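K.L.:
To be precise about what I am sending: the file is called run-v7.txt and holds compact mmCIF, C-alpha atoms.
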```txt
# COMPACT_ATOMS: atom_id res chain seq x y z
CA MET A 1 -155.12 -19.79 28.06
CA ASP A 2 -152.37 -21.46 30.11
CA GLY A 3 -149.11 -20.76 28.29
CA SER A 4 -147.51 -23.84 29.90
CA ALA A 5 -150.15 -26.27 28.58
CA SER A 6 -148.91 -29.13 26.39
CA PRO A 7 -150.59 -29.57 23.02
CA THR A 8 -152.95 -32.47 22.48
CA VAL A 9 -154.23 -33.80 19.16
CA CYS A 10 -157.86 -34.86 18.79
CA VAL A 11 -158.52 -37.05 15.74
CA ARG A 12 -162.04 -37.55 14.42
CA ASP A 13 -163.39 -39.66 11.56
CA ASP A 14 -166.31 -37.26 11.11
CA PHE A 15 -165.84 -33.64 10.06
CA ASP A 16 -169.03 -32.64 11.89
CA ALA A 17 -167.69 -33.90 15.21
CA SER A 18 -165.08 -31.14 15.36
CA SER A 19 -166.84 -28.48 13.28
CA ALA A 20 -167.22 -26.04 16.18
CA ALA A 21 -163.49 -26.09 16.92
CA TRP A 22 -162.70 -25.90 13.22
CA GLU A 23 -164.89 -22.81 12.83
CA GLN A 24 -162.89 -21.07 15.56
CA ILE A 25 -159.61 -21.88 13.82
CA SER A 26 -160.64 -21.09 10.25
CA HIS A 27 -162.01 -17.66 11.12
CA ARG A 28 -158.64 -16.64 12.59
CA LEU A 29 -156.39 -17.65 9.69
CA PRO A 30 -154.50 -14.92 7.82
CA HIS A 31 -155.45 -16.46 4.44
CA PRO A 32 -158.64 -18.53 4.85
CA SER A 33 -159.35 -21.05 2.10
CA PRO A 34 -162.85 -21.98 0.93
CA PHE A 35 -161.58 -25.54 0.60
CA LEU A 36 -161.10 -25.77 4.36
CA ARG A 37 -164.57 -24.52 5.24
CA PRO A 38 -166.99 -26.95 6.95
CA TRP A 39 -169.44 -27.05 4.03
CA TRP A 40 -166.64 -28.22 1.69
CA LEU A 41 -165.28 -30.78 4.15
CA ARG A 42 -168.70 -32.27 4.89
CA HIS A 43 -169.81 -32.83 1.32
CA VAL A 44 -166.85 -33.04 -1.06
CA ALA A 45 -164.52 -35.32 0.88
CA ARG A 46 -164.07 -38.82 -0.52
CA GLY A 47 -162.71 -41.62 1.64
CA THR A 48 -162.51 -41.72 5.42
CA PRO A 49 -162.26 -38.28 7.05
CA VAL A 50 -159.19 -37.80 9.22
CA HIS A 51 -159.78 -34.52 11.03
CA LEU A 52 -157.04 -33.40 13.40
CA VAL A 53 -157.55 -30.55 15.85
CA VAL A 54 -154.58 -29.39 17.93
CA LEU A 55 -155.55 -28.07 21.36
CA LEU A 56 -153.63 -26.01 23.89
CA GLY A 57 -155.58 -26.64 27.01
CA ASP A 58 -159.17 -26.30 25.80
CA GLU A 59 -158.40 -23.88 22.98
CA PRO A 60 -158.16 -25.12 19.36
CA VAL A 61 -155.06 -23.60 17.73
CA GLY A 62 -154.73 -25.55 14.48
CA GLY A 63 -155.04 -28.84 12.73
CA ALA A 64 -155.53 -30.61 9.42
CA ALA A 65 -158.55 -31.71 7.37
CA LEU A 66 -157.57 -34.86 5.49
CA THR A 67 -159.12 -37.97 4.00
CA SER A 68 -157.65 -41.45 4.03
CA ARG A 69 -157.84 -44.62 2.00
CA ARG A 70 -155.82 -47.76 2.56
CA VAL A 71 -153.68 -49.26 -0.23
CA LEU A 72 -151.37 -52.25 0.29
CA GLY A 73 -151.38 -51.70 4.02
CA VAL A 74 -150.55 -47.99 3.70
CA ASP A 75 -152.82 -45.08 4.68
CA LEU A 76 -152.89 -42.53 1.84
CA LEU A 77 -153.70 -39.07 3.18
CA HIS A 78 -155.05 -36.34 0.88
CA PRO A 79 -156.85 -33.02 1.31
CA ALA A 80 -160.64 -33.20 1.28
CA GLY A 81 -161.83 -33.14 -2.33
CA HIS A 82 -158.49 -34.04 -3.92
CA GLY A 83 -158.56 -34.94 -7.58
CA VAL A 84 -161.05 -33.42 -10.01
CA PRO A 85 -162.62 -30.94 -7.52
CA CYS A 86 -159.09 -29.48 -7.35
CA PRO A 87 -158.92 -27.69 -3.98
CA ASP A 88 -156.27 -24.95 -3.64
CA HIS A 89 -154.58 -23.31 -0.65
CA VAL A 90 -154.84 -26.51 1.40
CA ASP A 91 -152.36 -27.10 4.20
CA LEU A 92 -152.06 -27.55 7.92
CA VAL A 93 -153.77 -24.61 9.56
CA ALA A 94 -152.67 -22.69 12.62
CA VAL A 95 -153.89 -19.68 14.51
CA PRO A 96 -151.21 -16.96 14.08
CA GLY A 97 -148.48 -17.41 16.68
CA HIS A 98 -149.08 -21.14 17.08
CA GLU A 99 -147.47 -22.44 13.89
CA ASP A 100 -144.58 -24.17 15.70
CA VAL A 101 -146.95 -25.91 18.11
CA VAL A 102 -149.16 -27.20 15.30
CA ALA A 103 -146.20 -28.26 13.16
CA ALA A 104 -144.65 -30.23 16.02
CA ALA A 105 -147.95 -31.85 16.98
CA PHE A 106 -148.64 -32.95 13.39
CA ALA A 107 -145.12 -34.35 13.01
CA ASP A 108 -145.60 -36.42 16.18
CA TRP A 109 -148.95 -37.71 14.92
CA PHE A 110 -147.61 -38.52 11.43
CA GLY A 111 -144.60 -40.34 12.91
CA ARG A 112 -146.54 -42.70 15.12
CA PRO A 113 -146.26 -46.46 14.38
CA GLY A 114 -147.75 -47.54 11.06
CA ALA A 115 -147.29 -46.89 7.35
CA ARG A 116 -148.68 -43.75 5.72
CA VAL A 117 -148.15 -41.40 2.79
CA LEU A 118 -149.18 -37.74 2.78
CA ASP A 119 -149.92 -36.12 -0.58
CA LEU A 120 -151.10 -32.51 -0.48
CA ALA A 121 -151.52 -30.93 -3.92
CA GLY A 122 -152.24 -27.19 -3.97
CA THR A 123 -150.42 -26.12 -0.82
CA PRO A 124 -149.08 -22.56 -0.48
CA GLU A 125 -145.45 -21.82 -1.27
CA ARG A 126 -144.52 -21.64 2.41
CA SER A 127 -146.34 -24.78 3.46
CA LEU A 128 -146.70 -25.53 7.15
CA ALA A 129 -147.02 -29.25 6.33
CA ALA A 130 -143.65 -29.18 4.54
CA ARG A 131 -142.12 -27.37 7.50
CA SER A 132 -143.67 -29.85 9.93
CA LEU A 133 -142.30 -32.95 8.16
CA ALA A 134 -139.04 -31.36 6.90
CA VAL A 135 -139.80 -32.17 3.24
CA PRO A 136 -139.72 -29.89 0.18
CA ALA A 137 -142.78 -28.06 -1.09
CA ALA A 138 -142.35 -28.70 -4.82
CA PRO A 139 -143.77 -25.99 -7.15
CA MET A 140 -146.62 -27.44 -9.22
CA ASP A 141 -148.74 -24.55 -10.53
CA VAL A 142 -149.71 -20.93 -10.02
CA ALA A 143 -152.90 -19.21 -8.90
CA PRO A 144 -153.40 -15.79 -10.57
CA TYR A 145 -155.02 -13.09 -8.45
CA GLU A 146 -155.77 -9.37 -8.47
CA PRO A 147 -156.38 -6.87 -5.66
CA LEU A 148 -159.73 -5.12 -6.02
CA ALA A 149 -160.13 -1.39 -5.59
CA GLY A 150 -162.66 0.75 -7.40
CA ALA A 151 -164.22 -0.17 -10.75
CA PHE A 152 -162.58 -3.41 -11.85
CA LEU A 153 -163.08 -3.08 -15.61
CA GLU A 154 -161.43 0.35 -15.67
CA THR A 155 -158.19 -1.22 -14.37
CA ARG A 156 -157.98 -3.69 -17.27
CA SER A 157 -156.14 -3.20 -20.55
CA ALA A 158 -157.74 -1.09 -23.28
CA SER A 159 -158.19 -4.12 -25.56
CA PHE A 160 -159.84 -6.13 -22.78
CA ARG A 161 -162.25 -3.28 -22.01
CA ARG A 162 -163.16 -2.88 -25.68
CA ASN A 163 -163.83 -6.59 -26.11
CA VAL A 164 -166.02 -6.78 -23.01
CA ARG A 165 -168.04 -3.71 -23.95
CA ARG A 166 -168.45 -4.95 -27.52
CA THR A 167 -169.67 -8.32 -26.22
CA GLU A 168 -172.06 -6.70 -23.75
CA LYS A 169 -173.56 -4.55 -26.51
CA ARG A 170 -174.01 -7.52 -28.84
CA LEU A 171 -175.57 -9.72 -26.15
CA ALA A 172 -177.86 -6.89 -25.04
CA GLY A 173 -179.36 -6.90 -28.52
CA LEU A 174 -180.36 -10.53 -27.95
CA GLY A 175 -181.84 -9.85 -24.52
CA VAL A 176 -179.68 -10.34 -21.42
CA ARG A 177 -180.65 -11.19 -17.85
CA GLN A 178 -178.29 -11.98 -15.00
CA TRP A 179 -179.50 -13.51 -11.77
CA SER A 180 -177.70 -14.60 -8.62
CA ALA A 181 -178.86 -17.74 -6.86
CA THR A 182 -180.36 -17.71 -3.39
CA ALA A 183 -180.61 -20.74 -1.13
CA ALA A 184 -184.00 -21.42 -2.74
CA THR A 185 -182.77 -21.16 -6.34
CA ALA A 186 -179.23 -22.56 -6.03
CA ASP A 187 -180.30 -25.98 -7.31
CA ALA A 188 -181.85 -24.43 -10.42
CA ALA A 189 -178.67 -22.45 -11.09
CA LEU A 190 -176.56 -25.59 -10.68
CA ASP A 191 -178.89 -27.44 -13.04
CA ALA A 192 -178.06 -24.80 -15.65
CA PHE A 193 -174.36 -25.19 -14.84
CA ALA A 194 -174.53 -28.94 -15.40
CA ALA A 195 -176.58 -28.59 -18.60
CA LEU A 196 -173.96 -26.32 -20.17
CA HIS A 197 -171.22 -28.82 -19.32
CA ARG A 198 -173.06 -31.70 -21.00
CA ASP A 199 -172.28 -30.13 -24.38
CA ARG A 200 -168.52 -30.33 -23.69
CA PRO A 201 -166.82 -33.76 -23.61
CA ASP A 202 -163.74 -32.20 -22.00
CA ARG A 203 -165.82 -31.38 -18.92
CA ALA A 204 -167.16 -34.90 -18.36
CA ALA A 205 -164.92 -35.55 -15.34
CA LEU A 206 -166.11 -32.39 -13.60
CA LEU A 207 -169.72 -33.13 -14.50
CA ALA A 208 -169.38 -36.48 -12.74
CA GLU A 209 -168.42 -34.61 -9.54
CA VAL A 210 -171.52 -32.37 -9.51
CA PRO A 211 -173.47 -34.69 -7.16
CA ARG A 212 -170.73 -34.13 -4.54
CA LEU A 213 -170.22 -30.44 -5.27
CA ARG A 214 -173.93 -29.55 -5.34
CA PRO A 215 -174.73 -29.89 -1.60
CA ALA A 216 -171.50 -28.06 -0.69
CA VAL A 217 -172.29 -25.12 -2.96
CA VAL A 218 -175.95 -24.98 -1.87
CA GLU A 219 -174.90 -24.84 1.80
CA ALA A 220 -172.22 -22.24 1.04
CA VAL A 221 -174.77 -20.05 -0.75
CA ALA A 222 -177.10 -20.35 2.26
CA VAL A 223 -174.39 -19.11 4.67
CA GLY A 224 -173.17 -16.34 2.35
CA GLU A 225 -169.87 -17.99 1.40
CA ALA A 226 -170.64 -18.73 -2.26
CA ARG A 227 -172.44 -17.14 -5.17
CA VAL A 228 -173.77 -18.84 -8.29
CA ASP A 229 -174.59 -16.46 -11.14
CA VAL A 230 -176.46 -17.19 -14.34
CA LEU A 231 -176.33 -15.08 -17.49
CA GLU A 232 -179.29 -15.72 -19.76
CA VAL A 233 -179.24 -14.60 -23.38
CA GLY A 234 -182.47 -14.74 -25.33
CA GLY A 235 -184.09 -16.57 -22.42
CA ARG A 236 -181.48 -19.38 -22.35
CA PRO A 237 -178.52 -19.86 -19.98
CA ALA A 238 -175.36 -18.77 -21.79
CA ALA A 239 -172.93 -18.84 -18.85
CA VAL A 240 -172.90 -19.85 -15.19
CA THR A 241 -170.22 -19.06 -12.62
CA VAL A 242 -169.58 -20.65 -9.22
CA ALA A 243 -167.50 -18.52 -6.87
CA PHE A 244 -166.62 -18.66 -3.19
CA LEU A 245 -166.55 -15.71 -0.78
CA VAL A 246 -164.38 -16.09 2.30
CA ALA A 247 -162.81 -13.31 4.37
CA GLY A 248 -163.22 -10.63 1.71
CA ARG A 249 -161.76 -12.73 -1.11
CA LEU A 250 -163.69 -13.79 -4.20
CA ALA A 251 -162.43 -17.16 -5.45
CA LEU A 252 -163.69 -17.90 -8.98
CA TYR A 253 -164.09 -21.65 -8.89
CA GLN A 254 -165.90 -22.78 -12.04
CA LEU A 255 -167.31 -21.35 -15.26
CA ALA A 256 -169.75 -23.12 -17.57
CA ARG A 257 -170.52 -21.51 -20.91
CA SER A 258 -172.60 -22.18 -23.96
CA THR A 259 -170.87 -23.32 -27.14
CA ASP A 260 -173.43 -21.54 -29.37
CA ARG A 261 -171.77 -18.95 -31.60
CA GLU A 262 -174.29 -16.28 -30.68
CA HIS A 263 -173.18 -16.65 -27.05
CA ASP A 264 -169.49 -15.98 -27.77
CA GLY A 265 -167.94 -13.97 -24.95
CA ALA A 266 -170.81 -14.57 -22.52
CA GLY A 267 -168.51 -16.32 -20.04
CA THR A 268 -166.05 -13.42 -19.91
CA ALA A 269 -168.89 -10.89 -19.67
CA LEU A 270 -170.39 -12.74 -16.71
CA LEU A 271 -167.04 -13.07 -14.94
CA VAL A 272 -166.49 -9.31 -15.25
CA ARG A 273 -169.95 -8.63 -13.84
CA VAL A 274 -169.39 -10.97 -10.89
CA VAL A 275 -165.99 -9.46 -10.05
CA GLU A 276 -167.30 -5.89 -10.28
CA GLN A 277 -170.29 -6.71 -8.06
CA ALA A 278 -168.01 -8.38 -5.51
CA ALA A 279 -165.78 -5.29 -5.45
CA VAL A 280 -168.78 -3.05 -4.82
CA GLU A 281 -169.82 -5.35 -1.96
CA GLY A 282 -166.40 -4.99 -0.31
CA CYS A 283 -164.25 -7.84 -1.61
CA THR A 284 -160.59 -6.87 -1.67
CA GLU A 285 -159.25 -9.57 -4.00
CA VAL A 286 -160.25 -11.86 -6.84
CA ASP A 287 -158.46 -15.22 -6.81
CA MET A 288 -158.58 -17.10 -10.12
CA LEU A 289 -157.39 -20.29 -8.39
CA ARG A 290 -155.11 -22.93 -9.84
CA GLY A 291 -154.07 -22.85 -13.50
CA GLU A 292 -152.61 -20.51 -16.12
CA GLU A 293 -155.50 -20.64 -18.60
CA SER A 294 -155.15 -17.81 -21.10
CA TYR A 295 -158.41 -16.09 -20.19
CA LYS A 296 -157.13 -15.46 -16.65
CA GLY A 297 -154.55 -13.02 -17.99
CA GLY A 298 -157.28 -10.46 -18.60
CA PHE A 299 -158.39 -10.63 -14.97
CA ALA A 300 -155.22 -10.95 -12.92
CA SER A 301 -151.72 -9.49 -13.08
CA GLN A 302 -150.25 -11.23 -10.02
CA GLN A 303 -149.88 -14.86 -9.04
CA ARG A 304 -149.14 -17.13 -6.11
CA VAL A 305 -147.08 -20.29 -6.42
CA LEU A 306 -148.87 -23.48 -5.44
CA THR A 307 -146.86 -26.49 -4.34
CA ARG A 308 -147.17 -30.19 -3.67
CA VAL A 309 -146.08 -31.69 -0.36
CA ARG A 310 -145.43 -35.42 -0.22
CA ALA A 311 -144.03 -37.43 2.66
CA ALA A 312 -143.95 -41.04 3.81
CA HIS A 313 -143.60 -42.87 7.13
CA GLY A 314 -142.83 -46.53 7.70
CA VAL A 315 -141.10 -49.01 5.40
CA ARG A 316 -144.22 -49.72 3.36
CA GLY A 317 -145.02 -46.03 3.12
CA ARG A 318 -141.56 -45.17 1.82
CA LEU A 319 -141.64 -48.07 -0.68
CA LEU A 320 -145.05 -47.04 -1.98
CA LEU A 321 -144.00 -43.41 -2.38
CA ALA A 322 -140.78 -44.50 -4.18
CA ALA A 323 -142.79 -46.72 -6.55
CA TRP A 324 -145.24 -43.90 -7.14
CA ASP A 325 -142.36 -41.55 -8.01
CA ALA A 326 -140.90 -44.10 -10.42
CA VAL A 327 -144.23 -44.44 -12.25
CA ARG A 328 -144.60 -40.66 -12.45
CA ARG A 329 -141.09 -40.26 -13.89
CA ALA A 330 -141.73 -43.01 -16.46
CA ASN A 331 -145.00 -41.35 -17.50
CA ALA A 332 -143.25 -38.00 -17.85
CA VAL A 333 -140.61 -39.58 -20.11
CA ARG A 334 -143.32 -41.16 -22.28
CA VAL A 335 -145.07 -37.80 -22.64
CA ARG A 336 -141.82 -36.11 -23.72
CA VAL A 337 -141.01 -38.88 -26.21
CA ARG A 338 -144.49 -38.70 -27.75
CA ALA A 339 -144.22 -34.92 -28.04
CA ARG A 340 -140.86 -35.19 -29.83
CA LEU A 341 -142.15 -37.88 -32.19
CA SER A 342 -145.21 -35.79 -32.97
CA SER A 343 -143.03 -32.75 -33.64
CA ALA A 344 -140.72 -34.78 -35.86
CA ARG A 345 -143.64 -36.11 -37.91
CA ALA A 346 -145.07 -32.63 -38.30
CA GLY A 347 -141.74 -31.37 -39.64
CA ALA A 348 -141.22 -34.31 -42.00
```
Take the structure from the file and write it as structure tokens.
P.N.:
Amino acid sequence: MDGSASPTVCVRDDFDASSAAWEQISHRLPHPSPFLRPWWLRHVARGTPVHLVVLLGDEPVGGAALTSRRVLGVDLLHPAGHGVPCPDHVDLVAVPGHEDVVAAAFADWFGRPGARVLDLAGTPERSLAARSLAVPAAPMDVAPYEPLAGAFLETRSASFRRNVRRTEKRLAGLGVRQWSATAATADAALDAFAALHRDRPDRAALLAEVPRLRPAVVEAVAVGEARVDVLEVGGRPAAVTVAFLVAGRLALYQLARSTDREHDGAGTALLVRVVEQAAVEGCTEVDMLRGEESYKGGFASQQRVLTRVRAAHGVRGRLLLAAWDAVRRANAVRVRVRARLSSARAGA
């Protein structure tokens, strides 16, 4: 590659059009994310794809996978699958050694004439997008994780091990079968996943996203970058997990579990099985992804900070972002007031 070459930015409105270049980039990242893989971008994105690839000469060295929708004359830019699908570890991407080039190229592109707002939720703590646009990366959540070495269950607390073994023994008495989906059976496994969610009103929003998630997961299973596991108890699905496998990392994406009392603990038992199998197959880390749900404490002792990067360009873009911030602050105040009133009533 010519070291004196100036960077160029290719922008596509179709993720497939630049998939070959994107594959080259994503395989060379130090921390690849499943939510930047082509199968995710193709199927889960909502809105108009805005796919930037930064080239030095003919070599792709970085870029961004975004989607856009227009509101009040402003282009709103989000990561592919923003919202309920909840992608993590999304950011500008750069081949190691080319971060400055990619950051400068993206800043030039973002600052061209027009009004736009960038909103990236789930970026890493040291976000390249924040560095590119000289804006803060505001902490928003954590992603628990655990390095894998040896037998996973043996590294857990004594109480966790006892509970898992007790659950396994009880479920075994009812008849247990675990199976991992292949490309041919992935749809059946996802049918079981959706069926378990229909019994839980709190999962309705995710259930509505299954039509978008299904083709992405099926393709990922086919290329060896996802696994869907089903735990049957007494001949009925009791738990289903969806996990992604990228660059030796197991990312536990979703868990569906039965609400039947006889299936208590089936979700945890299946998660342990999946993590242990991944460790045997050579995975070096389990990533629990975004959120501090209590069950994750049994699986992970470390965590990464996830941030939110927001920036605006143009008068309309800055006004829209300011209005958005004002609404968010007002909503936060209302939530705090309601919580205090509820606490006061409870103490009355």
K.L.:
Taking into account only C-alpha atoms, which residue in the set A:Leu92, A:Ala5, A:Gly317, A:Gly97 is nearest to Gly57 in chain A?
P.N.:
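Of all the options, A:Ala5 lies closest to Gly57 in chain A.
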K.L.:
I want to know what sits within 12 Å of range 200-205 of chain A, based on all atoms listed in the file, with residues of the same chain fewer than 2 positions away left out; could you give that as an mmCIF file with C-alpha atoms, in the frame of the given file?
P.N.:
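Once written, result_33.cif looks like this:
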```cif
data_model
loop_
_atom_site.group_PDB
_atom_site.id
_atom_site.type_symbol
_atom_site.label_atom_id
_atom_site.label_comp_id
_atom_site.auth_asym_id
_atom_site.auth_seq_id
_atom_site.Cartn_x
_atom_site.Cartn_y
_atom_site.Cartn_z
ATOM 1 C CA GLY A 83 -158.560 -34.940 -7.580
ATOM 2 C CA VAL A 84 -161.050 -33.420 -10.010
ATOM 3 C CA PRO A 85 -162.620 -30.940 -7.520
ATOM 4 C CA CYS A 86 -159.090 -29.480 -7.350
ATOM 5 C CA PHE A 193 -174.360 -25.190 -14.840
ATOM 6 C CA ALA A 194 -174.530 -28.940 -15.400
ATOM 7 C CA ALA A 195 -176.580 -28.590 -18.600
ATOM 8 C CA LEU A 196 -173.960 -26.320 -20.170
ATOM 9 C CA HIS A 197 -171.220 -28.820 -19.320
ATOM 10 C CA ARG A 198 -173.060 -31.700 -21.000
ATOM 11 C CA LEU A 207 -169.720 -33.130 -14.500
ATOM 12 C CA ALA A 208 -169.380 -36.480 -12.740
ATOM 13 C CA GLU A 209 -168.420 -34.610 -9.540
ATOM 14 C CA VAL A 210 -171.520 -32.370 -9.510
ATOM 15 C CA PRO A 211 -173.470 -34.690 -7.160
ATOM 16 C CA GLN A 254 -165.900 -22.780 -12.040
ATOM 17 C CA LEU A 255 -167.310 -21.350 -15.260
ATOM 18 C CA ALA A 256 -169.750 -23.120 -17.570
ATOM 19 C CA ARG A 257 -170.520 -21.510 -20.910
ATOM 20 C CA SER A 258 -172.600 -22.180 -23.960
ATOM 21 C CA THR A 259 -170.870 -23.320 -27.140
ATOM 22 C CA ASP A 260 -173.430 -21.540 -29.370
#
```
K.L.:
Tell me which of A:Val272, A:Ala278, A:Leu41, A:Ala239 sits closest to Arg227 in chain A, counting only C-alpha atoms.
P.N.:
A:Ala278
K.L.:
Each residue of range 104-201 of chain A lying at most 7 Å from range 281-298 of chain A should get a row with its shortest atom-to-atom pair and the distance in Å to one decimal, counting only C-alpha atoms; could you produce that, ordered by chain and increasing number, as JSON lines?
P.N.:
```
{"residue": "A:Asp141", "atom": "CA", "partner": "A:Gly291", "partner_atom": "CA", "distance": 6.3}
{"residue": "A:Val142", "atom": "CA", "partner": "A:Arg290", "partner_atom": "CA", "distance": 5.8}
{"residue": "A:Ala143", "atom": "CA", "partner": "A:Arg290", "partner_atom": "CA", "distance": 4.4}
{"residue": "A:Pro144", "atom": "CA", "partner": "A:Met288", "partner_atom": "CA", "distance": 5.4}
{"residue": "A:Tyr145", "atom": "CA", "partner": "A:Asp287", "partner_atom": "CA", "distance": 4.4}
{"residue": "A:Glu146", "atom": "CA", "partner": "A:Val286", "partner_atom": "CA", "distance": 5.4}
{"residue": "A:Pro147", "atom": "CA", "partner": "A:Glu285", "partner_atom": "CA", "distance": 4.3}
{"residue": "A:Leu148", "atom": "CA", "partner": "A:Thr284", "partner_atom": "CA", "distance": 4.8}
{"residue": "A:Ala149", "atom": "CA", "partner": "A:Thr284", "partner_atom": "CA", "distance": 6.8}
{"residue": "A:Arg156", "atom": "CA", "partner": "A:Gly298", "partner_atom": "CA", "distance": 6.9}
{"residue": "A:Phe160", "atom": "CA", "partner": "A:Gly298", "partner_atom": "CA", "distance": 6.5}
```
K.L.:
Choose the residue, out of A:Ala269, A:Val223, A:Val309, A:Ala45, that has the smallest atom-to-atom separation from Arg161 in chain A; count all atoms listed in the file.
P.N.:
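Ranking A:Ala269, A:Val223, A:Val309, A:Ala45 by distance to Arg161 in chain A, first place goes to A:Ala269.
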K.L.:
Tell me which of A:Ala103, A:Val71, A:Val217, A:Ala279 sits closest to Pro38 in chain A, counting only C-alpha atoms.
P.N.:
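Result for the nearest residue to Pro38 in chain A: A:Val217.
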K.L.:
When you look at Ser68 in chain A with a cut-off of 9 Å (counting all atoms listed in the file), what residues show up, excluding the ones that are within fewer than 3 positions of it in the same chain? I need them as a ChimeraX atom specification.
P.N.:
/A:46-50,75-79
K.L.:
Could you check the closest approach to Leu245 in chain A for each of A:Ala226, A:Glu262, A:Pro124, A:Asp91 and tell me which residue wins, using all atoms listed in the file?
P.N.:
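Ranking A:Ala226, A:Glu262, A:Pro124, A:Asp91 by distance to Leu245 in chain A, first place goes to A:Ala226.
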K.L.:
One decimal, in Å: what's the spacing between CA of Val242 in chain A and CA of Asp229 in chain A?
P.N.:
6.8 Å
K.L.:
Go through A:Ala107, A:Leu174, A:Ala134, A:Ala80 and flag the residue nearest Gly235 in chain A, using only C-alpha atoms for the distances.
P.N.:
A:Leu174
K.L.:
Take the structure in the block and write a file for range 27-38 of chain A, N, CA, C and O atoms, as a compact mmCIF listing (two decimals), in the first residue's frame.
P.N.:
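The file below, part_8.txt, is the result:
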```
# COMPACT_ATOMS: atom_id res chain seq x y z
N HIS A 27 -12.50 -8.53 10.04
CA HIS A 27 -11.67 -9.65 10.48
C HIS A 27 -10.36 -9.19 11.09
O HIS A 27 -9.66 -9.97 11.73
N ARG A 28 -10.01 -7.90 10.93
CA ARG A 28 -8.73 -7.41 11.43
C ARG A 28 -8.88 -6.52 12.66
O ARG A 28 -7.91 -5.96 13.15
N LEU A 29 -10.09 -6.42 13.19
CA LEU A 29 -10.31 -5.58 14.36
C LEU A 29 -9.80 -6.26 15.63
O LEU A 29 -9.90 -7.49 15.75
N PRO A 30 -9.30 -5.50 16.60
CA PRO A 30 -8.84 -6.12 17.84
C PRO A 30 -9.99 -6.64 18.70
O PRO A 30 -9.80 -7.55 19.50
N HIS A 31 -11.19 -6.07 18.55
CA HIS A 31 -12.34 -6.51 19.35
C HIS A 31 -13.57 -6.56 18.43
O HIS A 31 -14.46 -5.70 18.50
N PRO A 32 -13.66 -7.57 17.56
CA PRO A 32 -14.77 -7.63 16.62
C PRO A 32 -16.11 -7.76 17.34
O PRO A 32 -16.23 -8.45 18.34
N SER A 33 -17.12 -7.11 16.79
CA SER A 33 -18.46 -7.15 17.36
C SER A 33 -19.40 -7.92 16.45
O SER A 33 -19.40 -7.70 15.23
N PRO A 34 -20.23 -8.81 17.00
CA PRO A 34 -21.20 -9.49 16.15
C PRO A 34 -22.18 -8.52 15.51
O PRO A 34 -22.74 -8.81 14.45
N PHE A 35 -22.36 -7.34 16.12
CA PHE A 35 -23.33 -6.39 15.61
C PHE A 35 -22.78 -5.52 14.49
O PHE A 35 -23.43 -4.57 14.04
N LEU A 36 -21.57 -5.85 14.03
CA LEU A 36 -20.99 -5.21 12.86
C LEU A 36 -20.71 -6.23 11.76
O LEU A 36 -20.08 -5.92 10.76
N ARG A 37 -21.18 -7.46 11.95
CA ARG A 37 -20.97 -8.50 10.96
C ARG A 37 -21.99 -8.35 9.83
O ARG A 37 -23.10 -7.85 10.03
N PRO A 38 -21.64 -8.78 8.62
CA PRO A 38 -22.54 -8.58 7.47
C PRO A 38 -23.94 -9.17 7.66
O PRO A 38 -24.93 -8.57 7.23
```
